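K.L.:
What follows is coords.txt, made up of compact mmCIF, C-alpha atoms:
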# COMPACT_ATOMS: atom_id res chain seq x y z
CA MET U 1241 -8.49 11.39 -13.04
CA ARG U 1242 -9.63 8.81 -15.61
CA PHE U 1243 -7.27 6.78 -17.75
CA SER U 1244 -7.60 6.24 -21.49
CA GLU U 1245 -7.53 2.74 -22.91
CA ARG U 1246 -3.99 3.33 -24.17
CA THR U 1247 -2.83 4.41 -20.70
CA ARG U 1248 -4.41 1.33 -19.13
CA TRP U 1249 -2.53 -0.89 -21.55
CA ALA U 1250 0.70 0.96 -20.74
CA ILE U 1251 0.20 0.36 -17.02
CA ALA U 1252 -0.48 -3.31 -17.61
CA LEU U 1253 2.56 -3.75 -19.86
CA GLY U 1254 4.82 -1.84 -17.50
CA ALA U 1255 3.82 -4.09 -14.63
CA ALA U 1256 4.39 -7.27 -16.63
CA SER U 1257 8.06 -7.45 -15.71
CA VAL U 1258 7.17 -7.24 -12.01
CA ARG U 1259 4.69 -10.11 -12.30
CA SER U 1260 6.39 -12.28 -14.91
CA ARG U 1261 8.17 -14.64 -12.52
CA ARG U 1262 5.26 -15.20 -10.15
CA ARG U 1263 2.95 -18.17 -10.33
CA PRO U 1264 -0.64 -17.89 -9.07
CA ILE U 1265 -1.32 -19.32 -5.62
CA LEU U 1266 -5.09 -18.95 -5.71
CA THR U 1267 -8.04 -18.02 -7.84
CA LEU U 1268 -10.49 -15.32 -6.87
CA ASP U 1269 -14.23 -15.25 -7.30
CA GLU U 1270 -14.35 -11.73 -8.74
CA SER U 1271 -18.15 -11.62 -8.78
CA ARG U 1272 -18.09 -11.80 -4.98
CA LEU U 1273 -14.70 -10.12 -4.56
CA THR U 1274 -13.72 -12.57 -1.83
CA PRO U 1275 -11.14 -15.38 -1.97
CA ALA U 1276 -12.78 -18.57 -3.26
CA LEU U 1277 -10.06 -21.04 -2.29
CA GLY U 1278 -8.33 -19.32 0.60
CA TYR U 1279 -5.15 -17.25 0.52
CA VAL U 1280 -1.77 -16.83 2.14
CA PHE U 1281 -1.54 -13.90 4.53
CA ARG U 1282 0.07 -13.84 7.95
CA ARG U 1283 -0.43 -11.11 10.50
CA SER U 1284 3.24 -11.45 11.43
CA TRP U 1285 4.06 -9.82 8.08
CA LEU U 1286 2.43 -6.58 9.21
CA TYR U 1287 4.31 -3.84 11.02
CA PRO U 1288 2.84 -1.25 13.41
CA HIS U 1289 0.71 1.45 11.77
CA GLU U 1290 1.30 0.10 8.28
CA SER U 1291 -0.59 1.92 5.54
CA LEU U 1292 -3.41 0.24 3.63
CA ILE U 1293 -1.42 0.43 0.40
CA SER U 1294 1.51 -1.35 2.05
CA ILE U 1295 -0.82 -4.03 3.43
CA LEU U 1296 -2.41 -4.56 0.01
CA TRP U 1297 1.02 -4.78 -1.64
CA LYS U 1298 1.91 -7.66 0.68
CA PHE U 1299 -1.45 -9.37 0.16
CA GLU U 1300 -1.06 -8.99 -3.59
CA THR U 1301 2.54 -10.26 -3.62
CA ALA U 1302 1.93 -13.25 -1.35
CA ASN U 1303 -0.96 -14.45 -3.50
CA ALA U 1304 0.29 -13.47 -6.98
CA LEU U 1305 -2.78 -11.31 -7.59
CA SER U 1306 -3.11 -8.57 -10.18
CA GLY U 1307 -3.63 -4.96 -9.22
CA VAL U 1308 -7.04 -5.02 -10.89
CA VAL U 1309 -8.29 -7.82 -8.65
CA VAL U 1310 -7.01 -6.19 -5.47
CA ALA U 1311 -8.33 -2.75 -6.46
CA ARG U 1312 -11.79 -4.26 -6.86
CA LEU U 1313 -11.75 -5.16 -3.18
CA MET U 1314 -12.47 -1.46 -2.63
CA GLY U 1315 -16.01 -1.96 -3.91
CA LEU U 1316 -18.05 -2.68 -7.01
CA ASP U 1317 -18.71 1.03 -7.54
CA VAL U 1318 -14.99 1.97 -7.50
CA ASP U 1319 -13.20 2.23 -10.85
CA PRO U 1320 -10.03 0.15 -10.26
CA TYR U 1321 -7.97 2.45 -12.50
CA GLU U 1322 -9.19 5.69 -10.94
CA GLY U 1323 -9.11 4.14 -7.49
CA ILE U 1324 -9.94 5.64 -4.13
CA ALA U 1325 -8.05 7.58 -1.47
CA PRO U 1326 -7.22 5.32 1.53
CA ARG U 1327 -9.17 7.50 3.93
CA ARG U 1328 -11.67 6.80 6.67
CA GLY U 1329 -15.19 7.37 5.49
CA LEU U 1330 -14.32 6.41 1.91
CA VAL U 1331 -13.01 2.87 2.35
CA ASP U 1332 -15.45 0.15 3.39
CA VAL U 1333 -13.49 -1.31 6.31
CA ARG U 1334 -15.97 -4.13 6.95
CA ARG U 1335 -15.73 -5.29 3.35
CA LEU U 1336 -11.93 -5.29 3.55
CA GLN U 1337 -12.03 -7.15 6.85
CA GLU U 1338 -14.03 -9.94 5.23
CA SER U 1339 -11.59 -10.14 2.32
CA LEU U 1340 -8.28 -9.86 4.18
CA GLY U 1341 -9.21 -11.45 7.49
CA LEU U 1342 -7.50 -8.68 9.47
CA PRO U 1343 -8.93 -6.97 12.57
CA VAL U 1344 -11.06 -3.91 11.89
CA GLU U 1345 -8.84 -1.89 14.24
CA THR U 1346 -5.75 -2.72 12.15
CA LEU U 1347 -7.45 -1.62 8.95
CA ARG U 1348 -8.82 1.58 10.48
CA ALA U 1349 -5.35 2.48 11.74
CA ALA U 1350 -4.04 1.97 8.19
CA LEU U 1351 -6.27 4.75 6.82
CA MET U 1352 -5.81 8.50 6.78
CA ASP U 1353 -8.10 10.33 9.18
CA PRO U 1354 -7.90 14.06 8.33
CA VAL U 1355 -9.66 15.75 11.24
CA GLY U 1356 -8.89 19.07 12.88
CA ARG U 1357 -5.38 20.22 12.01
CA ARG U 1358 -4.29 16.75 10.96
CA ARG U 1359 -3.35 16.95 7.28
CA TYR U 1360 -2.18 14.19 4.98
CA SER U 1361 -0.48 14.43 1.61
CA ASP U 1362 -2.27 13.34 -1.58
CA VAL U 1363 1.15 12.41 -2.99
CA PHE U 1364 2.87 9.18 -1.98
CA ARG U 1365 5.56 10.05 0.60
CA TYR U 1366 8.10 7.45 1.55
CA CYS U 1367 11.31 6.55 3.30
CA ARG U 1368 13.52 4.68 0.86
CA ARG U 1369 14.94 2.43 3.59
CA CYS U 1370 11.45 1.53 4.81
CA LEU U 1371 10.30 0.62 1.29
CA ALA U 1372 13.41 -1.51 0.81
CA HIS U 1373 12.21 -3.57 3.79
CA GLY U 1374 8.63 -3.77 2.51
CA TYR U 1375 7.05 -1.13 4.69
CA HIS U 1376 5.12 2.10 4.32
CA SER U 1377 3.28 3.77 7.18
CA VAL U 1378 0.28 6.04 7.30
CA VAL U 1379 2.57 8.20 9.45
CA HIS U 1380 4.71 8.89 6.38
CA GLN U 1381 1.75 10.70 4.81
CA LEU U 1382 1.44 13.30 7.57
CA GLU U 1383 2.32 16.71 6.14
CA ARG U 1384 3.69 17.93 9.46
CA LEU U 1385 6.45 15.32 9.36
CA SER U 1386 9.45 15.70 7.08
CA THR U 1387 11.59 12.79 8.26
CA CYS U 1388 11.05 9.08 8.85
CA PRO U 1389 10.49 8.38 12.57
CA ALA U 1390 12.72 5.30 12.43
CA HIS U 1391 15.54 6.17 10.03
CA ARG U 1392 15.50 9.96 10.52
CA ARG U 1393 16.03 10.58 6.83
CA LEU U 1394 14.03 13.03 4.75
CA LEU U 1395 10.82 11.64 3.30
CA GLU U 1396 10.74 11.59 -0.49
CA THR U 1397 7.96 12.03 -3.02
CA LYS U 1398 9.81 11.90 -6.34
CA CYS U 1399 11.26 8.77 -7.89
CA TRP U 1400 15.07 8.80 -7.85
CA ARG U 1401 15.13 7.64 -11.48
CA CYS U 1402 12.23 9.25 -13.40
CA GLY U 1403 11.52 12.14 -11.02
CA ARG U 1404 7.74 11.65 -11.02
CA GLU U 1405 5.42 11.69 -8.02
CA ALA U 1406 2.83 8.96 -7.53
CA PRO U 1407 -0.66 9.66 -6.20
CA TYR U 1408 -1.53 8.27 -2.80
CA ARG U 1409 -4.49 6.25 -4.03
CA VAL U 1410 -5.51 2.61 -4.09
CA ASN U 1411 -5.63 2.06 -7.83
CA VAL U 1412 -4.18 -0.34 -10.39
CA GLN U 1413 -1.20 1.86 -11.20
CA VAL U 1414 -0.03 2.10 -7.58
CA LEU U 1415 -0.92 -1.48 -6.65
CA GLU U 1416 1.03 -2.95 -9.57
CA ALA U 1417 4.17 -1.10 -8.44
CA ARG U 1418 4.56 -3.07 -5.18
CA PHE U 1419 7.15 -1.04 -3.29
CA HIS U 1420 8.51 0.36 -6.59
CA CYS U 1421 7.94 3.57 -8.55
CA ALA U 1422 4.42 3.59 -9.99
CA TYR U 1423 5.69 4.99 -13.30
CA CYS U 1424 9.10 3.49 -14.16
CA TYR U 1425 9.12 0.62 -11.60
CA ALA U 1426 12.48 1.64 -10.19
CA GLY U 1427 13.29 -0.21 -6.98
CA HIS U 1428 14.51 1.12 -3.67
CA GLY U 1429 17.17 -1.42 -2.76
CA GLY U 1430 14.99 -4.39 -1.88
CA THR U 1431 11.82 -6.28 -2.78
CA TRP U 1432 9.47 -7.70 -0.14
CA THR U 1433 8.44 -11.34 -0.42
CA PRO U 1434 7.02 -13.76 2.16
CA ASP U 1435 10.37 -15.57 2.12
CA ASN U 1436 12.45 -12.56 3.15
CA ALA U 1437 9.97 -11.00 5.60
CA GLU U 1438 11.63 -10.07 8.88
CA PRO U 1439 10.31 -8.56 12.14
CA MET U 1440 10.71 -4.82 12.54
CA LYS U 1441 13.45 -3.74 14.92
CA PRO U 1442 12.09 -2.91 18.40
CA ALA U 1443 13.53 0.62 18.26
CA HIS U 1444 11.77 1.26 14.94
CA ARG U 1445 8.49 -0.14 16.26
CA SER U 1446 8.69 2.22 19.21
CA ALA U 1447 9.51 5.19 16.97
CA PHE U 1448 6.50 4.65 14.69
CA THR U 1449 4.16 3.92 17.59
CA ARG U 1450 5.24 7.08 19.39
CA ARG U 1451 4.72 9.22 16.28
CA TYR U 1452 1.36 7.61 15.56
CA LEU U 1453 0.10 8.30 19.07
CA GLU U 1454 1.38 11.88 18.95
CA CYS U 1455 0.23 12.82 15.46
CA CYS U 1456 -2.60 10.50 14.44
CA LEU U 1457 -4.51 10.22 17.70
CA GLY U 1458 -3.64 13.50 19.35
What's the C-alpha cells form of this structure?

P.N.:
Amino acid sequence: MRFSERTRWAIALGAASVRSRRRPILTLDESRLTPALGYVFRRSWLYPHESLISILWKFETANALSGVVVARLMGLDVDPYEGIAPRRGLVDVRRLQESLGLPVETLRAALMDPVGRRRYSDVFRYCRRCLAHGYHSVVHQLERLSTCPAHRRLLETKCWRCGREAPYRVNVQVLEARFHCAYCYAGHGGTWTPDNAEPMKPAHRSAFTRRYLECCLG
C-alpha cells in the first residue's frame, strides 16, 4: 500500500507530539545508512525473543531518530512509507547487524519465519501490559496463540481508543508510534525510555522462551 503526499504529512504531524520533547543525540549519515558519530544502544535493554519492531522502537527512542531514518535501515530499495514485513528472507540481517551492532542470531530470532504450519499475523498483535513495559515479541504474532505467554491475557489487535488495527510492517507509520497506536498515538499505560528500562521478570523470561522454543523452532 502506497501513501499519498497528504497521508505522509498527516503521519509526520501526528508523530510530532511524540517527538517534540526529545533532543537529538546523534546525527546519521543517511547516504551510508550507518551511524556517523556512534549511538546509544545497550543489549541489556533487549528482552528474550523481542520483535524487530520493538528493537527498532528502542533504538529510535534512545537516539532521538525519526521513523524515516530508521526505516531506511531496511535498505535503499525499500520505500520507508510502504515499508517491509519483518520476515526472514526479506530483511537484510547483515545490513541491520552493521547498523545496530547486535548479534546476527538476535536479529534473526526477531523476525517472522513462516515455514510449515507456522503462521504469523500481518496485523500487529500485542499484550497491553507488555507494551506498557516497552516490549513486543515475535511470539505475539503467532496466529496459533491467543494469549500472552507471560501475562496470560488475550492478545489485542485493535486500539482501545480509535479501534483501528495497525499493519505489522517496518514503516514510518509504525516506527513513529513507538509502543503507541500507529493511528491515534494512544498509549498503553507506560512509555519506554532508557531511563526507566528494567530487566524482565525471570518468570516472564521463562514463559516467552518456552513458547518460542515450542512454536517458533518446533

K.L.:
Around the point (-2.5, 1.3, 7.5), in the coordinates given by the file, pick out the residues reaching within 9 Å, counting all atoms listed in the file, and return them as a PyMOL selection string.

P.N.:
chain U and resi 1288-1295+1326+1346-1352+1376-1379

K.L.:
Find the residues around region 1398-1401 of chain U up to 7 Å (only C-alpha atoms counted), leave out those fewer than 2 positions away in its own chain, and share them as a list of chain:residue names.

P.N.:
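So the residues in contact are U:Glu1396, U:Gly1403, U:Arg1404, U:Glu1405, U:Cys1421, U:Ala1426.
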
K.L.:
Around the point (13.3, -6.1, -0.9) (coordinates from the file), which residues reach within 12 Å if we count only C-alpha atoms? Answer as a list in words.

P.N.:
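Counting only C-alpha atoms, I find these residues within 12 Å of (13.3, -6.1, -0.9): Lys1298, Thr1301, Arg1368, Arg1369, Cys1370, Leu1371, Ala1372, His1373, Gly1374, Tyr1375, Arg1418, Phe1419, His1420, Gly1427, His1428, Gly1429, Gly1430, Thr1431, Trp1432, Thr1433, Pro1434, Asp1435, Asn1436, Ala1437 and Glu1438 of chain U.
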
K.L.:
What's the separation between CA of Leu1313 (chain U) and CA of Leu1286 (chain U), in Å to one decimal place?

P.N.:
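These atoms are spaced 18.9 Å apart.
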
K.L.:
So which one's closest to Arg1335 (chain U), U:Val1309, U:Ala1447, U:Met1314, U:Leu1395? Using all atoms listed in the file, please.

P.N.:
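For Arg1335 (chain U), the nearest of the candidates is U:Met1314.
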
K.L.:
Distance CA of Arg1451 (chain U)-CA of Pro1389 (chain U), one decimal place?

P.N.:
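Result for CA of Arg1451 (chain U) versus CA of Pro1389 (chain U): 6.9 Å, one decimal.
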
K.L.:
Report, in Å to a single decimal, how far apart CA of Val1355 (chain U) and CA of Leu1453 (chain U) are.

P.N.:
14.6 Å

K.L.:
Could you tell me which of U:Glu1338, U:Ser1306, U:Cys1424, U:Val1331 comes closest to Val1318 (chain U) if we count only C-alpha atoms?

P.N.:
U:Val1331

K.L.:
So which one's closest to Cys1456 (chain U), U:Tyr1366, U:Ala1443, U:Arg1357, U:His1391? Using all atoms listed in the file, please.

P.N.:
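For Cys1456 (chain U), the nearest of the given residues is U:Arg1357.
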
K.L.:
For Arg1327 (chain U), which residue among U:Asp1353, U:Asp1362, U:Glu1454, U:Glu1300 is the nearest when counting all atoms listed in the file?

P.N.:
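Residue with the minimum atom-to-atom distance to Arg1327 (chain U): U:Asp1353.
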